[in-house]
Structure formats: C-alpha cells, structure tokens
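Asker: Could you have a look at this structure, given as structure tokens, before my questions?
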Number of protein chains: 2
Amino acid sequence: MVSGLDEALTFVLELDRLKSVERRTPLLDGSRCETDAEHSWHVATAALALADYAPAGVSLPRVIAMLLIHDIVEIDAGDTPLYEEHGDQEDREQRAADRLFGLLPQARGAELRALWDEFEAGESADARFARALDRFMPLLHDIRTGGGSWTRTPGLTVGAVRARVSVIERGSPELWAYAQRVLDEAVERGYLLA
Amino acid sequence: MVSGLDEALTFVLELDRLKSVERRTPLLDGSRCETDAEHSWHVATAALALADYAPAGVSLPRVIAMLLIHDIVEIDAGDTPLYEEHGDQEDREQRAADRLFGLLPQARGAELRALWDEFEAGESADARFARALDRFMPLLHDIRTGGGSWTRTPGLTVGAVRARVSVIERGSPELWAYAQRVLDEAVERGYLLA
C-alpha cells in the first residue's frame, strides 16, 4: 500500500532532475550557465523582491507557486532556448506534465497541474505577471554578461528579442519600461542588431 | 537618483551568487553536489507538494517565502555543513542579512528581513514547518545516494544525526515519523553508526 506521503515524495525526488537541465543563460560571473532549478529559484525569489511591480489584484503566492513549477516539464522535455524554433516542444511538455503531476496524490496533482496550465495559457493576471518575470530575468543576465545568450545567436535583432519578451508588457508596465532601456543599451553596445 | 526598482534589482542581481555556493548534499544521480540556489528551489517546491503534512494553521505562502530566502546569507557567510561545528557562523550570517536585505527599498527589505529572522528563531508554526522541510530534504538525499554526506563524516552516529534533525518533530509529526524510518534504514545499511 503506497501512502499519499510516499506518492508526494516520489514527485519531490523526481524534481531533483531539474538540477541537471542546463539553460543558455550565463551566471552573472560568467563561470557557467545556470540550471533550470537555479533559474526557478531566482525568478520565484525575484517575485518577492519585485512585488511592488505586480499590477493590483495579482496574488503573489499564486505567482510564486507557478514560478516554482513552471519549468519542471523540462525534466522530460529539455530546455527550449528562447531564441530558437520550438518544434514539437508543446506536445512533449504536455506529456511531461501528465507524467510528473501524475506522480502526486490525485487532488494535489490536479491543483498543481491547473496552476501549470494557467501559467502556460498566460491569460490570468497572475500568469501574466509570472511570465513577465520569467522573460525579464534573462534580459538582466544577457545585458550584464556582455551579451550572454544573445551574442551566441548569430544575426539576432532587437526586434526579434522584443517580440520574444513582449509578454512583459502585459504582465508589468514598469518592468516593460525597464526592459526597453535594456534593449536600447544592448543595441548601443552591439549585442543585438538594430 | 536611484529608484526603488533599481534598488530591488540590485538585490535580485546579487542573489545570483547563491548559485555558486555549493552544499554537501549530492544530487540523487550522484553526479555532483547541489548548489544553495538549487536546494532553496527544491525545498520551496517540496513545501507545495507536502502541504498536507503542515500542521493546521500554517500559512504555506509564508513558509515558501521563508524557504526562498533562508539561505541567501550564505552568499557572504558560506554553507555550514549540518554535521560540523559552527564557529562564528551566526555573527557572519547576521552581518550578511544586514547587507543583503539592506540592498532593497526600506519597507520590502524590512519585511523580508523579519521573515528571515522568524525562520532563524524557529518559534512560529510557519518557521517550524519551514525548518522541518529544510532538514528533511538532506535525509532523502543521503539515504538515496548510498549515505551521501553522512558517509563523508567519519564516526557519525545516528544519535548525532537525530539530534541535528530533531526540529522536524516540532514542524511536522508525519515527516518526523518518516525520518525515523530513514534513520533506522541508514543504520541497517551501515551509513550511520548505531
């Protein structure tokens, strides 16, 4: 007989694999790229620090919960770099969500899966703020590391990056205004094509 | 003129350094030890999965916020392995908390510092559950990796480990019962001295 605690711990132990999924985003000291687990911590903690820039009515605890689980499907599906084509990524992520949230006791699994679905849909105010933070963080890393993932993508234009991060505008006007200044600086420094 | 957003982002960027603080706890695949940032993500996400094992009245959002920031002082003070002497660790961590939370706009910094102080004090129900999770996670890693950090500490007894993790009992009776079974198994397998 497998208890609810055994099921929940199977999920918790499986999450360990997110520490072995590497992103394209460099650490600020340039020593290596961050892992998905590190990114998930950083962006969830950034939500705490940047709570003043969430639109009125946003539930910070729901945003943080979304950010903690938003990338766990990459345990199965791998990281999709922001400036590359996606292929069958969506199908693979849906299958990964079925498997991973399915490890949990039914009620808890359904609750966290609904939260992940809400993040993916990006329609609610909570999901929009969470997605804004998720896209905002790599901008900080790329501008602070001499171009970071941008300069490793040949021919990347500021327009292409602006389109990729435009969800920031819907999630937080103040972070979007800051992002514009980052992108202008990226062009001035030659990290992105005008 | 430095804006509140600039101050908050200085804090967010400084947090990146937690990705370079290595713990003694091995990843479950044994490939390397986890970083503090990875641990902080894992334990905060475990709080979501293990919410059913929090005593009545515990605020899960406060627990998760505590877990997200509980180790950031190790950016300055370094990791203190669970089964070693502490020296002047407490002083160093207090100075680190002054510096790091002082980077934030005043109100936000005071709020997060109070949360960190509450975790450190370990008296509130929220802090007790957060501390229980923080001590529970390494037990899972150590038992699943052939002894993990235990077997790298010569002469370590199950009594010494039980004393170190006894905060689990005050935070979550169900997790404490599970921890007892883990410790019994650790002795049976020869990872810890009886």
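We label chains A, B, ... in the order they appear in the structure tokens, count residues from 1 in each chain, and number ligands from 1 in the order shown.
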For chain A against chain B, which residues fall within 8 Å using only C-alpha atoms, given as a PyMOL selection string?
Answerer: chain A and resi 5+8-9+11-13+15-17+19+27-28+34+37-38+40-42+44-46+48-50+61+65+68-69+104+108+140
Asker: Restricted to C-alpha atoms, what would the selected residues look like written as a compact mmCIF listing (two decimals), in the first residue's frame?
Answerer:
# COMPACT_ATOMS: atom_id res chain seq x y z
CA LEU A 5 3.23 10.74 1.58
CA ALA A 8 4.27 13.05 -2.78
CA LEU A 9 7.89 12.10 -2.02
CA PHE A 11 7.31 13.58 -7.00
CA VAL A 12 9.71 15.54 -4.76
CA LEU A 13 12.57 13.14 -5.52
CA LEU A 15 12.16 17.04 -9.17
CA ASP A 16 15.86 16.63 -8.38
CA ARG A 17 16.45 16.08 -12.09
CA LYS A 19 19.10 20.48 -11.35
CA LEU A 27 25.59 33.20 -14.34
CA LEU A 28 26.46 36.86 -13.82
CA GLU A 34 22.53 28.31 -14.77
CA ALA A 37 16.38 24.64 -10.77
CA GLU A 38 18.56 27.70 -10.12
CA SER A 40 13.28 28.68 -10.94
CA TRP A 41 14.56 29.73 -7.51
CA HIS A 42 15.90 33.04 -8.79
CA ALA A 44 10.46 32.98 -7.67
CA THR A 45 12.59 34.98 -5.24
CA ALA A 46 12.62 37.93 -7.65
CA LEU A 48 9.14 38.51 -3.67
CA ALA A 49 11.58 41.38 -4.23
CA LEU A 50 9.60 42.91 -7.12
CA PRO A 61 1.61 33.37 -3.57
CA ALA A 65 3.84 28.74 -6.90
CA LEU A 68 8.37 27.18 -8.77
CA ILE A 69 6.78 24.60 -11.08
CA LEU A 104 1.33 13.19 -6.82
CA ARG A 108 -2.61 17.81 -5.09
CA LEU A 140 19.19 41.12 -16.88
Asker: For Arg170 in chain A, please output as a PDB file with all heavy atoms, in the first residue's frame all residues within 9 Å (counting only C-alpha atoms; exclusion window: fewer than 5 positions along the same chain).
Answerer:
ATOM      1  N   ALA A 125      -4.218  37.385 -14.737  1.00  0.00           N
ATOM      2  CA  ALA A 125      -3.284  38.424 -14.272  1.00  0.00           C
ATOM      3  C   ALA A 125      -2.096  37.799 -13.545  1.00  0.00           C
ATOM      4  O   ALA A 125      -0.958  38.249 -13.700  1.00  0.00           O
ATOM      5  CB  ALA A 125      -4.011  39.411 -13.355  1.00  0.00           C
ATOM      6  N   ARG A 128       0.189  36.299 -16.132  1.00  0.00           N
ATOM      7  CA  ARG A 128       0.872  37.336 -16.922  1.00  0.00           C
ATOM      8  C   ARG A 128       2.043  37.926 -16.149  1.00  0.00           C
ATOM      9  O   ARG A 128       3.112  38.152 -16.714  1.00  0.00           O
ATOM     10  CB  ARG A 128      -0.117  38.431 -17.326  1.00  0.00           C
ATOM     11  CG  ARG A 128      -1.123  37.972 -18.359  1.00  0.00           C
ATOM     12  CD  ARG A 128      -1.719  39.147 -19.151  1.00  0.00           C
ATOM     13  NE  ARG A 128      -2.348  40.129 -18.285  1.00  0.00           N
ATOM     14  CZ  ARG A 128      -3.637  40.144 -17.951  1.00  0.00           C
ATOM     15  NH1 ARG A 128      -4.447  39.212 -18.418  1.00  0.00           N
ATOM     16  NH2 ARG A 128      -4.115  41.085 -17.187  1.00  0.00           N
ATOM     17  N   PHE A 129       1.854  38.138 -14.831  1.00  0.00           N
ATOM     18  CA  PHE A 129       2.969  38.676 -14.044  1.00  0.00           C
ATOM     19  C   PHE A 129       4.083  37.628 -13.915  1.00  0.00           C
ATOM     20  O   PHE A 129       5.266  37.944 -14.047  1.00  0.00           O
ATOM     21  CB  PHE A 129       2.493  39.135 -12.660  1.00  0.00           C
ATOM     22  CG  PHE A 129       3.570  39.812 -11.841  1.00  0.00           C
ATOM     23  CD1 PHE A 129       4.218  40.937 -12.328  1.00  0.00           C
ATOM     24  CD2 PHE A 129       3.940  39.322 -10.593  1.00  0.00           C
ATOM     25  CE1 PHE A 129       5.224  41.567 -11.584  1.00  0.00           C
ATOM     26  CE2 PHE A 129       4.942  39.945  -9.844  1.00  0.00           C
ATOM     27  CZ  PHE A 129       5.583  41.066 -10.345  1.00  0.00           C
ATOM     28  N   ALA A 132       5.934  37.526 -17.129  1.00  0.00           N
ATOM     29  CA  ALA A 132       6.756  38.730 -17.280  1.00  0.00           C
ATOM     30  C   ALA A 132       8.092  38.553 -16.551  1.00  0.00           C
ATOM     31  O   ALA A 132       9.160  38.839 -17.099  1.00  0.00           O
ATOM     32  CB  ALA A 132       6.009  39.950 -16.737  1.00  0.00           C
ATOM     33  N   TRP A 176       8.350  46.409 -18.137  1.00  0.00           N
ATOM     34  CA  TRP A 176       8.440  46.583 -19.590  1.00  0.00           C
ATOM     35  C   TRP A 176       9.215  47.855 -19.942  1.00  0.00           C
ATOM     36  O   TRP A 176      10.073  47.844 -20.835  1.00  0.00           O
ATOM     37  CB  TRP A 176       7.031  46.614 -20.201  1.00  0.00           C
ATOM     38  CG  TRP A 176       6.994  46.754 -21.694  1.00  0.00           C
ATOM     39  CD1 TRP A 176       6.443  47.783 -22.396  1.00  0.00           C
ATOM     40  CD2 TRP A 176       7.512  45.844 -22.676  1.00  0.00           C
ATOM     41  NE1 TRP A 176       6.580  47.569 -23.747  1.00  0.00           N
ATOM     42  CE2 TRP A 176       7.240  46.385 -23.939  1.00  0.00           C
ATOM     43  CE3 TRP A 176       8.187  44.622 -22.593  1.00  0.00           C
ATOM     44  CZ2 TRP A 176       7.613  45.754 -25.127  1.00  0.00           C
ATOM     45  CZ3 TRP A 176       8.568  43.987 -23.776  1.00  0.00           C
ATOM     46  CH2 TRP A 176       8.273  44.555 -25.025  1.00  0.00           C
TER      47      TRP A 176
END
Asker: Among range 28-96 of chain B, which ones does DSSP assign to alpha helix (DSSP H) (computed from the backbone)? Answer as a ChimeraX atom specification.
Answerer: /B:36-49,60-69,74-77,89-96
Asker: Between CA of Asp76 in chain A and CA of Pro26 in chain B, measure the distance and give it in Å to one decimal.
Answerer: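 Those two atoms sit 20.9 Å apart.
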Asker: Considering only C-alpha atoms, can you say which of B:Val187, B:Val21, B:Leu193, B:Cys33 comes closest to Ser149 in chain B?
Answerer: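 Once distances to Ser149 in chain B are computed over only C-alpha atoms, the minimum belongs to B:Cys33.
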Asker: For a test of reading the model, state the distance in Å between CA of Tyr191 in chain B and CA of Asp142 in chain B, rounded to one decimal.
Answerer: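 According to the coordinates, CA of Tyr191 in chain B and CA of Asp142 in chain B are separated by 8.9 Å.
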Asker: If you measure from CA of Ala77 in chain A to CA of Gly122 in chain A, what distance in Å do you get, rounded to one decimal?
Answerer: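 Separating CA of Ala77 in chain A from CA of Gly122 in chain A is a distance of 19.7 Å.
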Asker: If we count only C-alpha atoms, what is near Ala163 in chain A at a cut-off of 12 Å, once residues fewer than 6 positions away on the same chain are taken out, given as a list in words?
Answerer: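 That gives Leu82, Tyr83, Arg135, Leu156, Thr157, Glu169, Ala179, Gln180 and Leu183 of chain A.
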